[in-house]
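Student: Handing over structure_5.cif, mmCIF, C-alpha atoms.
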data_coords
#
loop_
_atom_site.label_atom_id
_atom_site.label_comp_id
_atom_site.auth_asym_id
_atom_site.auth_seq_id
_atom_site.Cartn_x
_atom_site.Cartn_y
_atom_site.Cartn_z
CA MET A 1 0.00 0.00 0.00
CA GLU A 2 2.84 2.40 0.82
CA ARG A 3 4.29 2.01 -2.67
CA LEU A 4 0.93 2.81 -4.24
CA GLN A 5 0.59 5.93 -2.10
CA ARG A 6 4.11 7.06 -3.02
CA LEU A 7 3.37 6.37 -6.67
CA ALA A 8 0.22 8.53 -6.56
CA VAL A 9 2.06 11.38 -4.82
CA ASN A 10 4.89 11.24 -7.33
CA LEU A 11 2.62 11.13 -10.38
CA PHE A 12 0.95 14.38 -9.38
CA GLY A 13 4.13 16.27 -8.32
CA GLY A 14 5.06 17.51 -11.72
CA TRP A 15 7.29 19.86 -13.59
CA PHE A 16 4.97 22.85 -13.11
CA ARG A 17 5.47 22.72 -9.35
CA LEU A 18 9.21 22.48 -9.85
CA ARG A 19 9.25 25.64 -11.95
CA ARG A 20 6.88 27.45 -9.57
CA CYS A 21 9.02 26.70 -6.51
CA PHE A 22 12.36 27.16 -8.29
CA PRO A 23 11.92 29.82 -11.01
CA PRO A 24 14.89 30.97 -13.11
CA GLU A 25 15.62 34.01 -10.94
CA LEU A 26 15.89 31.80 -7.84
CA LEU A 27 18.19 29.41 -9.70
CA ASP A 28 20.38 32.40 -10.62
CA ALA A 29 20.52 33.49 -6.96
CA LEU A 30 21.43 29.98 -5.83
CA ALA A 31 24.19 29.73 -8.45
CA ARG A 32 25.64 33.05 -7.22
CA ALA A 33 25.49 31.88 -3.58
CA ILE A 34 27.24 28.63 -4.47
CA SER A 35 29.94 30.39 -6.48
CA GLU A 36 30.60 33.05 -3.84
CA GLY A 37 30.73 30.53 -0.99
CA GLU A 38 33.10 28.19 -2.79
CA ARG A 39 35.70 30.96 -2.93
CA ARG A 40 36.17 30.60 0.86
CA HIS A 41 36.88 26.87 1.03
CA LEU A 42 38.11 23.83 -0.88
CA GLY A 43 34.69 22.21 -1.13
CA GLU A 44 32.35 21.95 -4.09
CA LEU A 45 28.59 22.20 -3.73
CA ARG A 46 25.85 21.01 -6.09
CA PHE A 47 22.15 21.68 -5.62
CA ALA A 48 19.64 19.42 -7.37
CA VAL A 49 15.85 19.51 -7.34
CA GLU A 50 13.67 16.72 -8.64
CA SER A 51 9.93 17.08 -9.01
CA ARG A 52 9.21 13.40 -8.44
CA LEU A 53 10.66 9.95 -8.69
CA SER A 54 9.88 7.97 -11.79
CA PRO A 55 7.03 5.46 -11.40
CA GLY A 56 9.53 2.63 -11.85
CA ALA A 57 11.74 3.98 -9.06
CA VAL A 58 8.76 4.29 -6.73
CA TRP A 59 7.53 0.81 -7.56
CA ALA A 60 11.03 -0.56 -6.94
CA GLY A 61 10.98 1.05 -3.50
CA LEU A 62 13.77 3.56 -4.14
CA SER A 63 14.04 5.99 -1.23
CA ALA A 64 14.85 9.68 -1.49
CA ARG A 65 18.20 8.94 0.17
CA GLN A 66 19.04 6.27 -2.39
CA ARG A 67 18.04 8.62 -5.21
CA ALA A 68 20.23 11.35 -3.72
CA HIS A 69 23.18 8.95 -3.86
CA GLN A 70 22.39 8.21 -7.51
CA VAL A 71 22.27 11.92 -8.33
CA PHE A 72 25.52 12.46 -6.37
CA ALA A 73 27.21 9.93 -8.67
CA GLN A 74 25.42 11.13 -11.83
CA LEU A 75 26.55 14.73 -11.28
CA GLY A 76 30.13 13.67 -10.45
CA VAL A 77 30.04 15.31 -7.01
CA TRP A 78 32.47 12.63 -5.82
CA ASP A 79 35.04 13.71 -8.41
CA THR A 80 36.84 16.57 -6.62
CA GLU A 81 40.52 16.86 -5.73
CA HIS A 82 39.99 16.98 -1.96
CA ASN A 83 36.95 14.66 -1.83
CA THR A 84 34.91 17.56 -0.47
CA GLY A 85 31.91 17.56 -2.78
CA VAL A 86 28.46 18.00 -1.27
CA LEU A 87 25.05 17.52 -2.85
CA ILE A 88 21.89 19.15 -1.55
CA TYR A 89 19.07 17.10 -3.08
CA VAL A 90 15.43 18.20 -2.91
CA LEU A 91 12.62 15.80 -3.84
CA LEU A 92 9.52 17.98 -4.10
CA ALA A 93 6.79 15.36 -4.38
CA GLU A 94 7.86 13.67 -1.17
CA ARG A 95 8.99 16.89 0.51
CA ARG A 96 12.37 15.37 1.27
CA ILE A 97 15.77 17.01 1.49
CA GLU A 98 18.92 14.91 1.52
CA ILE A 99 22.53 15.99 1.83
CA VAL A 100 25.23 13.66 0.57
CA ALA A 101 28.84 14.54 1.34
CA ASP A 102 31.95 12.98 -0.15
CA ARG A 103 34.33 11.17 2.18
CA GLY A 104 36.55 14.20 2.89
CA LEU A 105 33.77 16.17 4.53
CA ALA A 106 31.79 13.15 5.71
CA SER A 107 34.78 12.05 7.80
CA ARG A 108 34.78 15.40 9.63
CA VAL A 109 31.11 16.35 9.76
CA GLY A 110 28.67 14.02 11.49
CA PRO A 111 25.20 13.13 10.23
CA ASP A 112 23.55 15.32 12.89
CA ALA A 113 25.01 18.47 11.33
CA TRP A 114 23.64 17.55 7.91
CA ALA A 115 20.28 16.64 9.47
CA ARG A 116 20.05 20.08 11.12
CA ILE A 117 20.61 21.77 7.77
CA CYS A 118 17.90 19.61 6.18
CA ALA A 119 15.50 20.36 9.04
CA ARG A 120 16.03 24.10 8.68
CA MET A 121 15.45 23.92 4.95
CA GLN A 122 12.36 21.76 5.48
CA GLN A 123 10.94 24.30 7.91
CA ASP A 124 11.32 27.11 5.37
CA PHE A 125 10.06 24.99 2.48
CA SER A 126 6.96 23.97 4.47
CA ALA A 127 6.14 27.67 4.84
CA GLY A 128 6.65 28.27 1.11
CA ARG A 129 9.95 30.07 1.65
CA TRP A 130 11.87 28.31 -1.10
CA ARG A 131 14.43 31.08 -1.55
CA GLU A 132 15.18 31.49 2.15
CA GLY A 133 15.41 27.76 2.80
CA SER A 134 17.64 27.10 -0.17
CA LEU A 135 20.00 29.99 0.58
CA ALA A 136 20.15 29.05 4.28
CA GLY A 137 21.05 25.47 3.36
CA ILE A 138 23.75 26.61 0.96
CA ALA A 139 25.19 29.02 3.53
CA ALA A 140 25.24 26.31 6.21
CA VAL A 141 27.07 23.85 3.94
CA HIS A 142 29.58 26.56 3.03
CA ALA A 143 30.17 27.27 6.74
CA LEU A 144 30.94 23.61 7.43
CA ALA A 145 33.21 23.32 4.41
CA GLU A 146 35.03 26.50 5.40
CA ALA A 147 35.48 25.27 8.97
CA HIS A 148 37.00 21.96 7.85
CA PHE A 149 38.60 22.79 4.48
CA PRO A 150 39.36 26.53 4.41
CA GLY A 151 40.74 27.96 1.19
CA GLY A 152 43.59 29.73 2.96
CA GLY A 153 44.98 31.21 -0.24
CA LEU A 154 45.39 27.80 -1.88
CA ASP A 155 44.67 27.39 -5.56
CA ASN A 156 40.99 26.57 -5.65
CA PRO A 157 39.67 25.87 -9.15
CA ASP A 158 35.92 25.60 -9.61
CA GLU A 159 35.67 21.87 -10.25
CA LEU A 160 31.89 21.48 -10.62
CA PRO A 161 29.17 23.66 -12.15
CA ASP A 162 27.51 26.06 -9.71
CA ARG A 163 24.10 26.23 -11.39
CA PRO A 164 21.42 24.14 -9.66
CA VAL A 165 20.10 21.20 -11.62
CA LEU A 166 16.40 20.53 -12.18
CA LEU A 167 15.84 16.83 -12.76
#
Have the structure of the file written as structure tokens, please.
Tutor:
Amino acid sequence: MERLQRLAVNLFGGWFRLRRCFPPELLDALARAISEGERRHLGELRFAVESRLSPGAVWAGLSARQRAHQVFAQLGVWDTEHNTGVLIYVLLAERRIEIVADRGLASRVGPDAWARICARMQQDFSAGRWREGSLAGIAAVHALAEAHFPGGGLDNPDELPDRPVLL
């Protein structure tokens, strides 16, 4: 029964909701926040939003967390020099936020810190504050990356695109 409920929720999520919650001007603001924050540390941040899981993924029982790991790999977030890539993944239909960090940051930042960021974003998103929640999440990830992998004048090429991805 749970799979059927998830399937129904996901079928009615839709692209229109994705574009309403994350319009082009918000995506531009998020890209700027990612770019500016990455100048202060050796981490790389990606932000991905998916309207819904495919019916096949729902039927197979794929969780939001598992999908976030797939997107992490698909976007090459793992492929950074210092293993400090981080993905913020938003699944609109299920109202889920997942953060996946590569081993460099994951070894220094515990799951509770990531969970607090997700909870803050969820609180804003639940109130319809998509911009505030997204920017707060990005800022919090940047703060953790800066605390554990500060730039300190080191050469810091931009290894991954800064523009959020709509899936």
Student: Can you spell out as an NGL selection string the set of residues that the PyMOL selection byres ((chain A and resi 92) around 8) selects in the structure I just provided?
Tutor: :A and (13 or 18 or 49-52 or 90-91 or 93-96)
Student: On this file, the PyMOL selection byres ((chain A and resi 100) around 6) gives some set of residues; write that set as a PyMOL selection string.
Tutor: chain A and resi 86-87+99+101
Student: Starting from the PyMOL selection byres ((chain A and resi 29-34) around 7), expand the selection into actual residues of this file and give them as a tab-separated table (two decimals) with C-alpha atoms, keeping the file's coordinate frame.
Tutor:
chain	number	residue	atom	x	y	z
A	25	GLU	CA	15.62	34.01	-10.94
A	26	LEU	CA	15.89	31.80	-7.84
A	27	LEU	CA	18.19	29.41	-9.70
A	28	ASP	CA	20.38	32.40	-10.62
A	35	SER	CA	29.94	30.39	-6.48
A	36	GLU	CA	30.60	33.05	-3.84
A	37	GLY	CA	30.73	30.53	-0.99
A	38	GLU	CA	33.10	28.19	-2.79
A	45	LEU	CA	28.59	22.20	-3.73
A	135	LEU	CA	20.00	29.99	0.58
A	138	ILE	CA	23.75	26.61	0.96
A	162	ASP	CA	27.51	26.06	-9.71
A	163	ARG	CA	24.10	26.23	-11.39
A	164	PRO	CA	21.42	24.14	-9.66
Student: Can you tell me how far atom CA of Phe149 of chain A sits from atom CA of Ala73 of chain A, in Å to one decimal?
Tutor: 21.6 Å
Student: Put the listed atoms of segment 29-39 of chain A in a box along x, y and z with 3 Å added on every side and give me the centre and edge lengths in Å to one decimal, as AutoDock Vina command-line options.
Tutor:
--center_x 28.1 --center_y 30.8 --center_z -4.7 --size_x 21.2 --size_y 11.3 --size_z 13.5
Student: Quick one, how far is atom CA of Glu146 of chain A from atom CA of Asn83 of chain A?
Tutor: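 Interatomic distance, atom CA of Glu146 of chain A to atom CA of Asn83 of chain A: 14.0 Å.
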Student: Just to confirm, what's the straight-line distance from atom CA of Arg46 of chain A to atom CA of Arg120 of chain A in Å (one decimal)?
Tutor: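 Atom CA of Arg120 of chain A lies 18.0 Å from atom CA of Arg46 of chain A.
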Student: Quick one: segment 144-167 of chain A with N, CA, C and O atoms, as an mmCIF file, in the coordinates of the input?
Tutor:
data_model
loop_
_atom_site.group_PDB
_atom_site.id
_atom_site.type_symbol
_atom_site.label_atom_id
_atom_site.label_comp_id
_atom_site.auth_asym_id
_atom_site.auth_seq_id
_atom_site.Cartn_x
_atom_site.Cartn_y
_atom_site.Cartn_z
ATOM 1 N N LEU A 144 30.283 24.858 7.032
ATOM 2 C CA LEU A 144 30.940 23.610 7.430
ATOM 3 C C LEU A 144 32.175 23.336 6.582
ATOM 4 O O LEU A 144 33.218 22.929 7.104
ATOM 5 N N ALA A 145 32.057 23.546 5.290
ATOM 6 C CA ALA A 145 33.210 23.320 4.410
ATOM 7 C C ALA A 145 34.342 24.279 4.755
ATOM 8 O O ALA A 145 35.515 23.880 4.790
ATOM 9 N N GLU A 146 34.011 25.514 5.051
ATOM 10 C CA GLU A 146 35.030 26.500 5.400
ATOM 11 C C GLU A 146 35.702 26.155 6.727
ATOM 12 O O GLU A 146 36.911 26.323 6.884
ATOM 13 N N ALA A 147 34.924 25.639 7.668
ATOM 14 C CA ALA A 147 35.480 25.270 8.970
ATOM 15 C C ALA A 147 36.461 24.098 8.857
ATOM 16 O O ALA A 147 37.451 24.036 9.582
ATOM 17 N N HIS A 148 36.186 23.178 7.951
ATOM 18 C CA HIS A 148 37.000 21.960 7.850
ATOM 19 C C HIS A 148 37.997 21.960 6.696
ATOM 20 O O HIS A 148 39.003 21.249 6.750
ATOM 21 N N PHE A 149 37.715 22.728 5.649
ATOM 22 C CA PHE A 149 38.600 22.790 4.480
ATOM 23 C C PHE A 149 38.703 24.229 3.989
ATOM 24 O O PHE A 149 38.287 24.554 2.869
ATOM 25 N N PRO A 150 39.260 25.127 4.822
ATOM 26 C CA PRO A 150 39.360 26.530 4.410
ATOM 27 C C PRO A 150 40.258 26.686 3.186
ATOM 28 O O PRO A 150 41.197 25.911 2.997
ATOM 29 N N GLY A 151 39.951 27.692 2.390
ATOM 30 C CA GLY A 151 40.740 27.960 1.190
ATOM 31 C C GLY A 151 42.151 28.387 1.534
ATOM 32 O O GLY A 151 43.122 27.913 0.950
ATOM 33 N N GLY A 152 42.280 29.289 2.480
ATOM 34 C CA GLY A 152 43.590 29.730 2.960
ATOM 35 C C GLY A 152 44.561 30.142 1.878
ATOM 36 O O GLY A 152 45.751 29.892 1.998
ATOM 37 N N GLY A 153 44.090 30.748 0.814
ATOM 38 C CA GLY A 153 44.980 31.210 -0.240
ATOM 39 C C GLY A 153 45.453 30.122 -1.184
ATOM 40 O O GLY A 153 46.239 30.387 -2.092
ATOM 41 N N LEU A 154 45.011 28.897 -0.975
ATOM 42 C CA LEU A 154 45.390 27.800 -1.880
ATOM 43 C C LEU A 154 44.694 27.955 -3.220
ATOM 44 O O LEU A 154 43.619 28.549 -3.307
ATOM 45 N N ASP A 155 45.303 27.404 -4.249
ATOM 46 C CA ASP A 155 44.670 27.390 -5.560
ATOM 47 C C ASP A 155 43.380 26.594 -5.442
ATOM 48 O O ASP A 155 43.381 25.458 -4.973
ATOM 49 N N ASN A 156 42.284 27.197 -5.834
ATOM 50 C CA ASN A 156 40.990 26.570 -5.650
ATOM 51 C C ASN A 156 40.166 26.671 -6.944
ATOM 52 O O ASN A 156 39.277 27.508 -7.052
ATOM 53 N N PRO A 157 40.451 25.811 -7.909
ATOM 54 C CA PRO A 157 39.670 25.870 -9.150
ATOM 55 C C PRO A 157 38.225 25.439 -8.904
ATOM 56 O O PRO A 157 37.953 24.643 -8.001
ATOM 57 N N ASP A 158 37.325 25.982 -9.689
ATOM 58 C CA ASP A 158 35.920 25.600 -9.610
ATOM 59 C C ASP A 158 35.765 24.282 -10.366
ATOM 60 O O ASP A 158 35.792 24.260 -11.598
ATOM 61 N N GLU A 159 35.641 23.196 -9.631
ATOM 62 C CA GLU A 159 35.670 21.870 -10.250
ATOM 63 C C GLU A 159 34.318 21.386 -10.766
ATOM 64 O O GLU A 159 34.270 20.505 -11.616
ATOM 65 N N LEU A 160 33.225 21.921 -10.211
ATOM 66 C CA LEU A 160 31.890 21.480 -10.620
ATOM 67 C C LEU A 160 31.032 22.699 -10.953
ATOM 68 O O LEU A 160 31.230 23.777 -10.392
ATOM 69 N N PRO A 161 30.047 22.524 -11.838
ATOM 70 C CA PRO A 161 29.170 23.660 -12.150
ATOM 71 C C PRO A 161 28.435 24.163 -10.916
ATOM 72 O O PRO A 161 28.094 23.380 -10.017
ATOM 73 N N ASP A 162 28.188 25.456 -10.861
ATOM 74 C CA ASP A 162 27.510 26.060 -9.710
ATOM 75 C C ASP A 162 25.997 26.145 -9.908
ATOM 76 O O ASP A 162 25.262 26.285 -8.924
ATOM 77 N N ARG A 163 25.538 26.088 -11.119
ATOM 78 C CA ARG A 163 24.100 26.230 -11.390
ATOM 79 C C ARG A 163 23.334 25.026 -10.858
ATOM 80 O O ARG A 163 23.700 23.880 -11.112
ATOM 81 N N PRO A 164 22.253 25.262 -10.107
ATOM 82 C CA PRO A 164 21.420 24.140 -9.660
ATOM 83 C C PRO A 164 20.866 23.355 -10.845
ATOM 84 O O PRO A 164 20.678 23.898 -11.941
ATOM 85 N N VAL A 165 20.589 22.094 -10.590
ATOM 86 C CA VAL A 165 20.100 21.200 -11.620
ATOM 87 C C VAL A 165 18.649 20.858 -11.304
ATOM 88 O O VAL A 165 18.322 20.481 -10.177
ATOM 89 N N LEU A 166 17.786 20.972 -12.300
ATOM 90 C CA LEU A 166 16.400 20.530 -12.180
ATOM 91 C C LEU A 166 16.293 19.202 -12.908
ATOM 92 O O LEU A 166 16.561 19.133 -14.109
ATOM 93 N N LEU A 167 15.910 18.188 -12.197
ATOM 94 C CA LEU A 167 15.840 16.830 -12.760
ATOM 95 C C LEU A 167 14.414 16.447 -13.096
ATOM 96 O O LEU A 167 13.492 16.918 -12.530
#
